[in-house]
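Colleague: I'm passing along start_21.txt; it holds compact mmCIF, C-alpha atoms (C1' of nucleotides).
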# COMPACT_ATOMS: atom_id res chain seq x y z
CA MET A 1 114.50 -160.48 95.94
CA GLY A 2 117.53 -160.88 98.15
CA LYS A 3 116.75 -163.61 100.65
CA THR A 4 116.25 -166.21 97.97
CA GLU A 5 118.29 -168.98 99.53
CA SER A 6 118.24 -168.40 103.24
CA TYR A 7 118.01 -171.34 105.60
CA HIS A 8 115.05 -169.85 107.40
CA HIS A 9 111.95 -169.29 105.36
CA GLY A 10 110.87 -166.22 107.28
CA ASN A 11 107.12 -166.73 107.14
CA LEU A 12 106.62 -170.42 106.74
CA ARG A 13 103.51 -170.56 108.87
CA ARG A 14 101.61 -168.24 106.58
CA ALA A 15 103.04 -169.86 103.47
CA VAL A 16 101.85 -173.29 104.56
CA LEU A 17 98.42 -171.95 105.47
CA ASP A 18 98.08 -170.29 102.08
CA ALA A 19 99.21 -173.45 100.35
CA ALA A 20 96.67 -175.40 102.37
CA LEU A 21 93.86 -173.02 101.42
CA ALA A 22 94.77 -173.28 97.74
CA ALA A 23 94.96 -177.06 97.94
CA ILE A 24 91.61 -177.31 99.74
CA GLU A 25 89.95 -175.21 97.07
CA GLU A 26 91.38 -177.46 94.38
CA SER A 27 90.62 -180.83 95.86
CA GLY A 28 88.83 -180.62 99.19
CA PRO A 29 90.02 -180.76 102.79
CA SER A 30 91.52 -184.24 102.37
CA GLY A 31 92.81 -184.15 98.82
CA TRP A 32 96.36 -183.15 99.61
CA SER A 33 99.35 -184.08 101.74
CA LEU A 34 101.45 -182.23 104.23
CA ARG A 35 104.49 -183.02 102.10
CA GLU A 36 102.83 -181.37 99.12
CA LEU A 37 102.27 -178.19 101.10
CA ALA A 38 105.94 -178.28 102.07
CA ARG A 39 106.96 -178.61 98.43
CA ARG A 40 104.70 -175.71 97.42
CA ALA A 41 106.31 -173.58 100.11
CA GLY A 42 109.77 -174.68 99.02
CA VAL A 43 110.82 -176.27 102.30
CA SER A 44 111.66 -179.76 103.46
CA HIS A 45 108.94 -182.31 104.13
CA ALA A 46 109.21 -182.00 107.91
CA ALA A 47 109.33 -178.23 108.19
CA PRO A 48 105.57 -177.64 108.59
CA ALA A 49 105.45 -179.94 111.60
CA HIS A 50 107.39 -177.41 113.63
CA HIS A 51 104.61 -174.85 113.23
CA PHE A 52 101.54 -177.09 113.27
CA GLY A 53 102.50 -180.37 114.85
CA ASP A 54 100.58 -182.57 112.48
CA LYS A 55 97.99 -182.45 109.74
CA ALA A 56 95.16 -181.81 112.19
CA GLY A 57 97.19 -178.84 113.40
CA VAL A 58 97.13 -177.27 109.96
CA LEU A 59 93.39 -177.79 109.69
CA THR A 60 92.89 -176.40 113.19
CA ALA A 61 94.69 -173.23 112.15
CA VAL A 62 92.62 -173.01 108.98
CA ALA A 63 89.38 -173.44 110.93
CA ALA A 64 90.43 -170.89 113.55
CA GLU A 65 91.29 -168.29 110.95
CA GLY A 66 88.06 -169.12 109.15
CA PHE A 67 85.91 -168.61 112.23
CA GLU A 68 87.59 -165.26 112.85
CA LEU A 69 86.88 -164.04 109.33
CA PHE A 70 83.36 -165.46 109.63
CA ALA A 71 82.68 -163.75 112.94
CA GLY A 72 83.92 -160.49 111.48
CA ALA A 73 81.66 -160.79 108.46
CA LEU A 74 78.61 -161.56 110.60
CA GLU A 75 79.36 -158.80 113.07
CA ARG A 76 79.55 -156.31 110.21
CA ALA A 77 75.98 -157.29 109.32
CA ALA A 78 74.71 -157.52 112.89
CA GLY A 79 71.45 -155.78 113.65
CA ASP A 80 69.92 -156.85 110.36
CA PRO A 81 69.03 -160.56 110.50
CA TYR A 82 68.42 -160.76 106.76
CA GLY A 83 71.77 -159.12 106.09
CA ALA A 84 73.43 -161.61 108.40
CA GLY A 85 71.89 -164.43 106.40
CA VAL A 86 73.22 -162.99 103.18
CA ALA A 87 76.63 -162.53 104.80
CA TYR A 88 76.54 -166.16 105.91
CA VAL A 89 76.05 -167.43 102.36
CA ARG A 90 78.44 -164.89 100.93
CA PHE A 91 81.20 -166.01 103.28
CA ALA A 92 80.70 -169.66 102.35
CA VAL A 93 80.93 -168.90 98.64
CA ASP A 94 83.77 -166.40 98.84
CA HIS A 95 85.82 -168.41 101.36
CA ARG A 96 84.91 -171.88 100.33
CA ALA A 97 88.13 -173.46 101.66
CA TYR A 98 87.62 -172.05 105.15
CA PHE A 99 83.95 -172.96 105.21
CA GLU A 100 84.53 -176.55 104.15
CA VAL A 101 86.91 -177.11 107.04
CA MET A 102 85.03 -175.14 109.72
CA PHE A 103 81.98 -177.35 109.67
CA ARG A 104 83.83 -180.65 109.68
CA PRO A 105 85.07 -180.82 113.26
CA GLU A 106 86.39 -184.36 112.92
CA LEU A 107 89.20 -182.88 110.83
CA TYR A 108 90.63 -180.59 113.49
CA ARG A 109 90.96 -180.02 117.23
CA ALA A 110 87.67 -178.40 118.12
CA ASP A 111 88.82 -177.62 121.67
CA ASP A 112 91.54 -175.25 120.48
CA PRO A 113 90.94 -172.12 122.62
CA GLU A 114 91.56 -169.54 119.91
CA LEU A 115 89.26 -171.42 117.57
CA ALA A 116 86.54 -171.86 120.17
CA ALA A 117 86.56 -168.15 120.96
CA ALA A 118 86.05 -167.13 117.35
CA ARG A 119 83.38 -169.78 116.89
CA ASP A 120 81.50 -168.47 119.90
CA ARG A 121 81.74 -164.93 118.58
CA ALA A 122 80.03 -166.05 115.38
CA GLY A 123 77.48 -168.01 117.39
CA ALA A 124 76.55 -164.94 119.40
CA VAL A 125 75.74 -162.95 116.28
CA LEU A 126 73.59 -165.76 114.96
CA ALA A 127 71.71 -166.05 118.24
CA ALA A 128 71.11 -162.30 118.37
CA SER A 129 69.87 -162.28 114.78
CA GLY A 130 67.51 -165.10 115.59
CA ARG A 131 66.05 -163.26 118.57
CA LYS A 132 65.45 -160.21 116.43
CA LEU A 133 63.74 -162.25 113.75
CA SER A 134 61.16 -163.78 116.06
CA ARG A 135 60.40 -160.81 118.25
CA GLY A 136 57.76 -161.63 120.79
CA GLU A 137 56.45 -164.78 119.20
CA GLY A 138 57.78 -167.23 121.71
CA ALA A 139 59.01 -169.63 119.03
CA ASP A 140 62.48 -168.14 119.37
CA ARG A 141 64.51 -171.27 119.19
CA ALA A 142 62.72 -172.80 116.23
CA THR A 143 62.85 -169.56 114.26
CA THR A 144 66.53 -169.08 114.97
CA LEU A 145 67.31 -172.62 113.95
CA ALA A 146 65.21 -172.33 110.81
CA ALA A 147 67.03 -169.19 109.74
CA TRP A 148 70.42 -170.69 110.50
CA SER A 149 69.45 -173.90 108.73
CA VAL A 150 68.28 -172.24 105.56
CA ALA A 151 71.45 -170.16 105.24
CA HIS A 152 73.69 -173.10 106.04
CA GLY A 153 71.75 -175.50 103.88
CA PHE A 154 71.69 -173.23 100.85
CA ALA A 155 75.42 -172.59 101.17
CA SER A 156 76.21 -176.28 101.54
CA LEU A 157 74.05 -177.34 98.62
CA TRP A 158 75.56 -174.66 96.46
CA LEU A 159 79.13 -175.57 97.36
CA ASN A 160 78.77 -179.27 96.77
CA GLY A 161 77.13 -178.72 93.41
CA ALA A 162 73.77 -180.22 94.34
CA LEU A 163 71.88 -177.23 92.94
CA PRO A 164 71.47 -177.23 89.17
CA GLU A 165 71.97 -173.47 89.33
CA SER A 166 75.50 -173.81 90.62
CA ARG A 167 76.56 -175.24 87.28
CA GLY A 168 75.40 -172.36 85.15
CA GLU A 169 76.44 -168.75 85.40
CA ALA A 170 73.69 -167.89 87.88
CA ASP A 171 74.20 -165.07 90.37
CA VAL A 172 74.59 -166.78 93.76
CA GLU A 173 73.86 -163.76 95.83
CA GLU A 174 70.65 -162.90 94.03
CA LEU A 175 69.41 -166.49 94.31
CA ALA A 176 70.41 -166.61 97.97
CA ARG A 177 68.48 -163.40 98.65
CA GLU A 178 65.33 -164.85 97.12
CA VAL A 179 65.65 -168.05 99.13
CA LEU A 180 66.43 -166.29 102.40
CA ARG A 181 63.50 -163.97 101.90
CA VAL A 182 61.16 -166.96 102.14
CA VAL A 183 62.23 -167.54 105.73
CA PHE A 184 63.34 -164.06 106.77
CA GLY A 185 60.01 -162.63 105.69
CA GLY A 186 60.85 -159.90 103.24
CA GLY A 187 63.81 -158.47 105.14
CA ALA A 188 65.43 -155.49 103.40
CA GLU A 189 63.31 -155.76 100.28
CA MET B 1 79.76 -223.34 111.29
CA GLY B 2 80.84 -225.08 108.12
CA LYS B 3 82.30 -222.71 105.53
CA THR B 4 84.70 -221.17 107.96
CA GLU B 5 87.85 -221.44 105.92
CA SER B 6 86.82 -221.33 102.30
CA TYR B 7 88.98 -219.55 99.78
CA HIS B 8 86.09 -217.55 98.48
CA HIS B 9 84.39 -215.23 100.90
CA GLY B 10 80.95 -215.65 99.40
CA ASN B 11 79.64 -212.15 99.86
CA LEU B 12 82.67 -209.95 100.04
CA ARG B 13 81.08 -207.04 98.27
CA ARG B 14 78.42 -206.64 100.94
CA ALA B 15 80.87 -207.33 103.74
CA VAL B 16 83.18 -204.56 102.54
CA LEU B 17 80.28 -202.15 102.15
CA ASP B 18 79.07 -202.89 105.66
CA ALA B 19 82.58 -202.46 107.02
CA ALA B 20 82.83 -199.16 105.16
CA LEU B 21 79.54 -197.93 106.62
CA ALA B 22 80.65 -198.85 110.12
CA ALA B 23 84.02 -197.18 109.63
CA ILE B 24 82.43 -194.01 108.24
CA GLU B 25 80.13 -193.77 111.22
CA GLU B 26 83.10 -194.09 113.54
CA SER B 27 85.51 -191.70 111.90
CA GLY B 28 84.06 -190.03 108.84
CA PRO B 29 84.30 -190.75 105.14
CA SER B 30 88.10 -190.41 105.11
CA GLY B 31 89.09 -191.80 108.47
CA TRP B 32 89.78 -195.36 107.36
CA SER B 33 91.77 -197.34 104.83
CA LEU B 34 90.83 -199.91 102.25
CA ARG B 35 93.20 -202.32 103.92
CA GLU B 36 91.37 -201.87 107.20
CA LEU B 37 88.10 -202.80 105.54
CA ALA B 38 89.77 -205.89 104.13
CA ARG B 39 91.00 -206.84 107.59
CA ARG B 40 87.55 -206.36 109.09
CA ALA B 41 86.10 -208.60 106.40
CA GLY B 42 88.83 -211.17 106.99
CA VAL B 43 90.31 -211.11 103.50
CA SER B 44 93.61 -210.08 101.97
CA HIS B 45 94.47 -206.43 101.45
CA ALA B 46 93.86 -206.55 97.70
CA ALA B 47 90.58 -208.44 97.70
CA PRO B 48 88.24 -205.42 97.79
CA ALA B 49 89.83 -204.01 94.66
CA HIS B 50 88.29 -206.77 92.60
CA HIS B 51 84.80 -205.60 93.51
CA PHE B 52 85.29 -201.87 93.67
CA GLY B 53 88.42 -201.02 91.74
CA ASP B 54 89.73 -198.41 94.15
CA LYS B 55 88.71 -196.41 97.19
CA ALA B 56 86.52 -194.09 95.14
CA GLY B 57 84.75 -197.21 93.92
CA VAL B 58 83.77 -198.15 97.46
CA LEU B 59 82.48 -194.66 98.13
CA THR B 60 80.61 -194.65 94.82
CA ALA B 61 78.83 -197.83 95.87
CA VAL B 62 78.03 -196.35 99.28
CA ALA B 63 76.63 -193.19 97.70
CA ALA B 64 74.60 -195.15 95.15
CA GLU B 65 73.04 -197.35 97.81
CA GLY B 66 72.45 -194.26 99.92
CA PHE B 67 70.61 -192.43 97.17
CA GLU B 68 68.43 -195.47 96.59
CA LEU B 69 67.43 -195.69 100.25
CA PHE B 70 66.97 -191.92 100.27
CA ALA B 71 64.75 -191.91 97.19
CA GLY B 72 62.68 -194.68 98.72
CA ALA B 73 62.23 -192.79 101.96
CA LEU B 74 61.20 -189.61 100.15
CA GLU B 75 58.84 -191.42 97.82
CA ARG B 76 57.13 -193.01 100.78
CA ALA B 77 56.35 -189.49 102.04
CA ALA B 78 55.54 -188.03 98.63
CA GLY B 79 52.38 -185.99 98.40
CA ASP B 80 52.97 -184.37 101.77
CA PRO B 81 55.77 -181.77 101.49
CA TYR B 82 56.10 -181.40 105.25
CA GLY B 83 56.35 -185.16 105.62
CA ALA B 84 59.03 -185.25 102.96
CA GLY B 85 61.00 -182.66 104.91
CA VAL B 86 60.74 -184.75 108.05
CA ALA B 87 61.78 -187.83 106.06
CA TYR B 88 64.78 -185.90 104.73
CA VAL B 89 66.07 -185.11 108.20
CA ARG B 90 65.18 -188.52 109.54
CA PHE B 91 67.18 -190.21 106.78
CA ALA B 92 70.24 -188.07 107.50
CA VAL B 93 70.13 -188.89 111.19
CA ASP B 94 69.28 -192.57 110.84
CA HIS B 95 71.71 -193.19 107.98
CA ARG B 96 74.43 -190.79 108.85
CA ALA B 97 77.17 -192.74 107.02
CA TYR B 98 75.29 -192.73 103.73
CA PHE B 99 74.30 -189.09 104.05
CA GLU B 100 77.82 -187.92 104.76
CA VAL B 101 79.11 -189.51 101.58
CA MET B 102 76.20 -188.67 99.29
CA PHE B 103 76.66 -184.93 99.54
CA ARG B 104 80.42 -184.96 99.07
CA PRO B 105 80.74 -185.68 95.35
CA GLU B 106 84.48 -185.11 95.28
CA LEU B 107 84.79 -188.44 97.12
CA TYR B 108 83.15 -190.62 94.49
CA ARG B 109 82.35 -190.92 90.78
CA ALA B 110 79.26 -188.77 90.41
CA ASP B 111 78.71 -189.91 86.84
CA ASP B 112 78.09 -193.51 87.83
CA PRO B 113 74.83 -194.37 86.01
CA GLU B 114 73.19 -196.34 88.81
CA LEU B 115 74.00 -193.60 91.29
CA ALA B 116 72.79 -190.84 88.99
CA ALA B 117 69.47 -192.61 88.47
CA ALA B 118 68.76 -192.91 92.18
CA ARG B 119 69.86 -189.33 92.77
CA ASP B 120 67.47 -188.11 90.10
CA ARG B 121 64.65 -190.14 91.63
CA ALA B 122 65.19 -188.32 94.92
CA GLY B 123 65.45 -185.00 93.11
CA ALA B 124 62.10 -185.57 91.44
CA VAL B 125 60.33 -186.04 94.79
CA LEU B 126 61.93 -182.89 96.14
CA ALA B 127 60.88 -180.88 93.10
CA ALA B 128 57.32 -182.18 93.33
CA SER B 129 57.14 -181.37 97.02
CA GLY B 130 58.39 -177.87 96.28
CA ARG B 131 55.73 -177.29 93.65
CA LYS B 132 53.04 -178.40 96.05
CA LEU B 133 54.33 -176.10 98.79
CA SER B 134 54.16 -172.95 96.70
CA ARG B 135 50.90 -173.55 94.88
CA GLY B 136 50.09 -170.67 92.61
CA GLU B 137 52.40 -168.13 94.12
CA GLY B 138 54.86 -167.85 91.26
CA ALA B 139 57.87 -167.99 93.60
CA ASP B 140 58.16 -171.70 92.94
CA ARG B 141 61.90 -172.00 92.65
CA ALA B 142 62.73 -169.92 95.71
CA THR B 143 60.21 -171.76 97.88
CA THR B 144 61.46 -175.15 96.74
CA LEU B 145 65.05 -174.17 97.41
CA ALA B 146 64.18 -172.72 100.80
CA ALA B 147 62.43 -175.90 101.86
CA TRP B 148 65.27 -178.06 100.60
CA SER B 149 67.82 -175.78 102.23
CA VAL B 150 66.19 -175.78 105.64
CA ALA B 151 65.93 -179.58 105.72
CA HIS B 152 69.46 -180.05 104.45
CA GLY B 153 70.89 -177.32 106.65
CA PHE B 154 69.26 -178.60 109.81
CA ALA B 155 70.43 -182.15 109.09
CA SER B 156 73.99 -181.01 108.36
CA LEU B 157 74.23 -178.81 111.43
CA TRP B 158 72.87 -181.59 113.59
CA LEU B 159 75.26 -184.19 112.19
CA ASN B 160 78.40 -182.13 112.56
CA GLY B 161 77.52 -181.19 116.10
CA ALA B 162 77.12 -177.48 115.48
CA LEU B 163 73.79 -177.40 117.32
CA PRO B 164 74.05 -177.31 121.09
CA GLU B 165 70.98 -179.55 121.14
CA SER B 166 72.82 -182.39 119.41
CA ARG B 167 74.98 -182.84 122.48
CA GLY B 168 72.15 -183.38 124.94
CA GLU B 169 69.47 -186.01 124.84
CA ALA B 170 67.12 -183.85 122.77
CA ASP B 171 64.60 -185.51 120.45
CA VAL B 172 65.87 -184.78 116.94
CA GLU B 173 62.62 -185.45 115.19
CA GLU B 174 60.57 -183.22 117.43
CA LEU B 175 63.06 -180.37 117.04
CA ALA B 176 63.20 -180.92 113.29
CA ARG B 177 59.42 -180.76 113.09
CA GLU B 178 59.36 -177.40 114.87
CA VAL B 179 62.05 -176.00 112.62
CA LEU B 180 60.51 -177.30 109.40
CA ARG B 181 57.13 -175.90 110.43
CA VAL B 182 58.60 -172.40 110.25
CA VAL B 183 59.18 -172.79 106.53
CA PHE B 184 56.56 -175.38 105.61
CA GLY B 185 53.85 -173.26 107.18
CA GLY B 186 52.18 -175.51 109.67
CA GLY B 187 52.13 -178.66 107.57
CA ALA B 188 50.49 -181.61 109.28
CA GLU B 189 50.01 -179.90 112.60
C1' DC C 1 131.09 -162.42 121.23
C1' DT C 2 128.78 -166.36 123.09
C1' DC C 3 125.33 -169.22 123.68
C1' DC C 4 120.52 -170.60 123.53
C1' DA C 5 116.21 -171.37 121.43
C1' DA C 6 113.70 -171.26 117.32
C1' DT C 7 113.70 -172.88 112.81
C1' DC C 8 114.65 -175.98 109.22
C1' DT C 9 116.89 -180.49 107.19
C1' DT C 10 117.91 -185.30 106.74
C1' DG C 11 116.88 -189.90 107.85
C1' DT C 12 113.76 -193.40 109.10
C1' DC C 13 109.56 -196.44 109.96
C1' DA C 14 105.05 -198.37 109.56
C1' DC C 15 101.13 -197.78 106.78
C1' DT C 16 98.55 -196.85 102.56
C1' DG C 17 96.57 -197.19 97.64
C1' DA C 18 97.38 -199.13 93.40
C1' DC C 19 98.97 -202.48 90.42
C1' DA C 20 100.82 -207.09 88.66
C1' DA C 21 101.08 -211.94 88.68
C1' DG C 22 99.77 -216.21 90.49
C1' DA C 23 96.57 -219.51 93.16
C1' DT C 24 91.94 -221.34 93.99
C1' DT C 25 87.21 -222.02 93.14
C1' DT C 26 82.89 -221.81 90.69
C1' DG C 27 79.93 -222.79 87.16
C1' DC C 28 79.18 -223.51 82.35
C1' DT C 29 79.59 -226.53 78.38
C1' DC C 30 79.66 -230.67 76.23
C1' DG D 1 81.27 -235.76 85.21
C1' DA D 2 85.34 -233.86 82.95
C1' DG D 3 87.43 -230.03 81.19
C1' DC D 4 87.83 -225.20 80.86
C1' DA D 5 87.08 -220.21 81.14
C1' DA D 6 85.94 -216.63 84.16
C1' DA D 7 85.37 -214.95 88.64
C1' DT D 8 87.36 -214.51 93.03
C1' DC D 9 90.96 -214.12 96.23
C1' DT D 10 96.24 -214.07 97.60
C1' DT D 11 100.96 -212.68 97.58
C1' DG D 12 104.37 -209.48 96.28
C1' DT D 13 105.81 -204.97 95.17
C1' DC D 14 106.36 -199.76 94.65
C1' DA D 15 106.06 -194.92 95.37
C1' DG D 16 103.90 -191.72 98.44
C1' DT D 17 102.43 -190.40 103.18
C1' DG D 18 102.34 -188.91 108.34
C1' DA D 19 104.89 -188.96 112.29
C1' DC D 20 108.91 -188.96 114.84
C1' DA D 21 114.04 -188.49 116.02
C1' DA D 22 118.39 -186.40 115.62
C1' DG D 23 121.31 -183.12 113.64
C1' DA D 24 122.36 -178.53 111.08
C1' DT D 25 121.71 -173.49 110.71
C1' DT D 26 120.43 -169.07 112.17
C1' DG D 27 118.98 -164.96 114.69
C1' DG D 28 118.90 -162.55 118.89
C1' DA D 29 119.41 -161.74 123.91
C1' DG D 30 122.76 -160.81 127.21
Re-express the file's structure as structure tokens.
Modeller:
Amino acid sequence: MGKTESYHHGNLRRAVLDAALAAIEESGPSGWSLRELARRAGVSHAAPAHHFGDKAGVLTAVAAEGFELFAGALERAAGDPYGAGVAYVRFAVDHRAYFEVMFRPELYRADDPELAAARDRAGAVLAASGRKLSRGEGADRATTLAAWSVAHGFASLWLNGALPESRGEADVEELAREVLRVVFGGGAE
Amino acid sequence: MGKTESYHHGNLRRAVLDAALAAIEESGPSGWSLRELARRAGVSHAAPAHHFGDKAGVLTAVAAEGFELFAGALERAAGDPYGAGVAYVRFAVDHRAYFEVMFRPELYRADDPELAAARDRAGAVLAASGRKLSRGEGADRATTLAAWSVAHGFASLWLNGALPESRGEADVEELAREVLRVVFGGGAE
DNA sequence: CTCCAATCTTGTCACTGACAAGATTTGCTC
DNA sequence: GAGCAAATCTTGTCAGTGACAAGATTGGAG
């Protein structure tokens, strides 16, 4: 163990981020305080400010990291629009804390360059998937938006408990596949 | 004006609710304080507590009223699934403050009886619309969920500014109609 | 070894949500 | 129309919070 009582934490930035993610999963993106994160990380109440500035800074870092993971997940499924849709829902369910912050831009600084870059990466995959879905039909934009909407909507409804299924022991991914298939037209059946 | 300086406000409950709706539209469901609402309504900082108990009480009242308006809007379009989808998006855009609270159950008391009743009313219309959409195909549940998801997803993406279109002067309803048509199969063309 | 910059602590201030106790008003009862 | 109980609103208070300022500690560059 060794460095149990050193003045410097060593990796406070990561510790605060992890504490934030845990807290968000427990009680939402607004259900905790900066001081609580500091306590969880075992530092003084003002220590996190040095790394993040303020509360919005913490959420900006969470969103940025989230968009990077998200972009990676989508890129891994790129080429297969249906697979990208499944990856979209899967990310939301598996990384709930990230997802809940990412799509609530009033919580963070949306003009953060690192964040914007990752967000655009994800956007590019979505746009490409949309083009592939509606090949040669002309209704590109509407089809892309419909596909994006159904994935996003299903994920949101699931996360906020609006679907009766999310209370039982239903298999999210299987249900998501069935729903996505309605819009993505069969996909990888 | 007469009753300018009376001890009793007269209609504080409504005044606080209206102040809350205005504040939510300006800065989200968490970007204000109870004391600020009291100031806007011109009463002391503890006055709202008598009507709502605590902050969650205010949000519970907002959500309950929202679900009632929502159920009414959906019922008015009942019978025509495509029309219900349009009404869904229209409600979200026209009553942004309500919508943003309604689908964030961690903010309020979801077991409030009045609220639950209105929510179930809305749910019934959605279920009926779903059944009508997928007449005799067997894939009832998936079709219903897909339709609900696309309406909810489009509304959410629009509201949080994720769609490039929501920054310009695009016509939301027209865009929504095109998107919904992809899933609702033509509808009232 | 020295000194600087990064990191963390302690101290403080205005603001907040929640609660308690008291003041004022309304409306019901007789 | 007088009295009284309940509803409504105010004032006062307390711990917790976010943000900032100033000081302590540490590691590392030279």
Colleague: Excluding DC9 in chain D and any residue of its chain fewer than 4 positions from it, enumerate the residues within 10 Å of it, using all atoms listed in the file, and give them as an NGL selection string.
Modeller: (:B and (7-9 or 43-48 or 50)) or (:C and (23-25))
Colleague: Can you write out the residues you just picked, keeping C-alpha atoms (C1' of nucleotides), as a PDB file, keeping the file's coordinate frame?
Modeller:
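Wrote it out as selection-v5.pdb, contents follow:
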ATOM      1  CA  TYR B   7      88.980-219.550  99.780  1.00  0.00           C
ATOM      2  CA  HIS B   8      86.090-217.550  98.480  1.00  0.00           C
ATOM      3  CA  HIS B   9      84.390-215.230 100.900  1.00  0.00           C
ATOM      4  CA  VAL B  43      90.310-211.110 103.500  1.00  0.00           C
ATOM      5  CA  SER B  44      93.610-210.080 101.970  1.00  0.00           C
ATOM      6  CA  HIS B  45      94.470-206.430 101.450  1.00  0.00           C
ATOM      7  CA  ALA B  46      93.860-206.550  97.700  1.00  0.00           C
ATOM      8  CA  ALA B  47      90.580-208.440  97.700  1.00  0.00           C
ATOM      9  CA  PRO B  48      88.240-205.420  97.790  1.00  0.00           C
ATOM     10  CA  HIS B  50      88.290-206.770  92.600  1.00  0.00           C
TER      11      HIS B  50
ATOM     12  C1'  DA C  23      96.570-219.510  93.160  1.00  0.00           C
ATOM     13  C1'  DT C  24      91.940-221.340  93.990  1.00  0.00           C
ATOM     14  C1'  DT C  25      87.210-222.020  93.140  1.00  0.00           C
TER      15       DT C  25
END
Colleague: Please report as CSV every residue of chain A lying within 10 Å of chain D, along with the nearest atom pair and their distance in Å (one decimal), using all atoms listed in the file.
Modeller:
residue,atom,partner,partner_atom,distance
A:Ser6,CA,D:DT26,C1',9.2
A:Tyr7,CA,D:DT25,C1',6.7
A:His8,CA,D:DT26,C1',7.2
A:Ser33,CA,D:DT17,C1',7.2
A:Leu34,CA,D:DG18,C1',7.9
A:Arg35,CA,D:DT17,C1',7.7
A:Glu36,CA,D:DT17,C1',9.9
A:Ala46,CA,D:DA19,C1',9.3
A:Ala49,CA,D:DA19,C1',9.1
A:Gly53,CA,D:DA19,C1',9.3
A:Asp54,CA,D:DA19,C1',7.7
A:Lys55,CA,D:DG18,C1',7.9
Colleague: Dig up all the protein and nucleic acid residues within 8 Å of (75.7, -194.1, 99.7) in the file frame, using only C-alpha atoms (C1' of nucleotides), and format them as a list in words.
Modeller: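 Those residues, ordered by chain and then number, are Leu59, Thr60, Ala61, Val62, Ala63, Ala64, Glu65, Gly66, Phe67, Ala97, Tyr98, Phe99, Val101 and Met102 of chain B.
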Colleague: What's the separation between CA of Thr143 in chain B and CA of Val179 in chain A, in Å to one decimal place?
Modeller: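 Computed distance, CA of Thr143 in chain B to CA of Val179 in chain A, equals 6.7 Å.
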Colleague: Could you please determine the separation between CA of Ala15 in chain B and CA of Leu37 in chain B in Å, to one decimal place?
Modeller: 8.7 Å
Colleague: Report, in Å with one decimal, the straight-line distance from CA of Leu159 in chain A to CA of Val93 in chain A.
Modeller: 7.0 Å
Colleague: Restrict the distance test to all atoms listed in the file, flag each residue of chain A within 10 Å of chain B, and return the flagged residues as number ranges by chain.
Modeller: A: 27-28, 30-31, 103-107, 123, 139, 141-163, 175-184
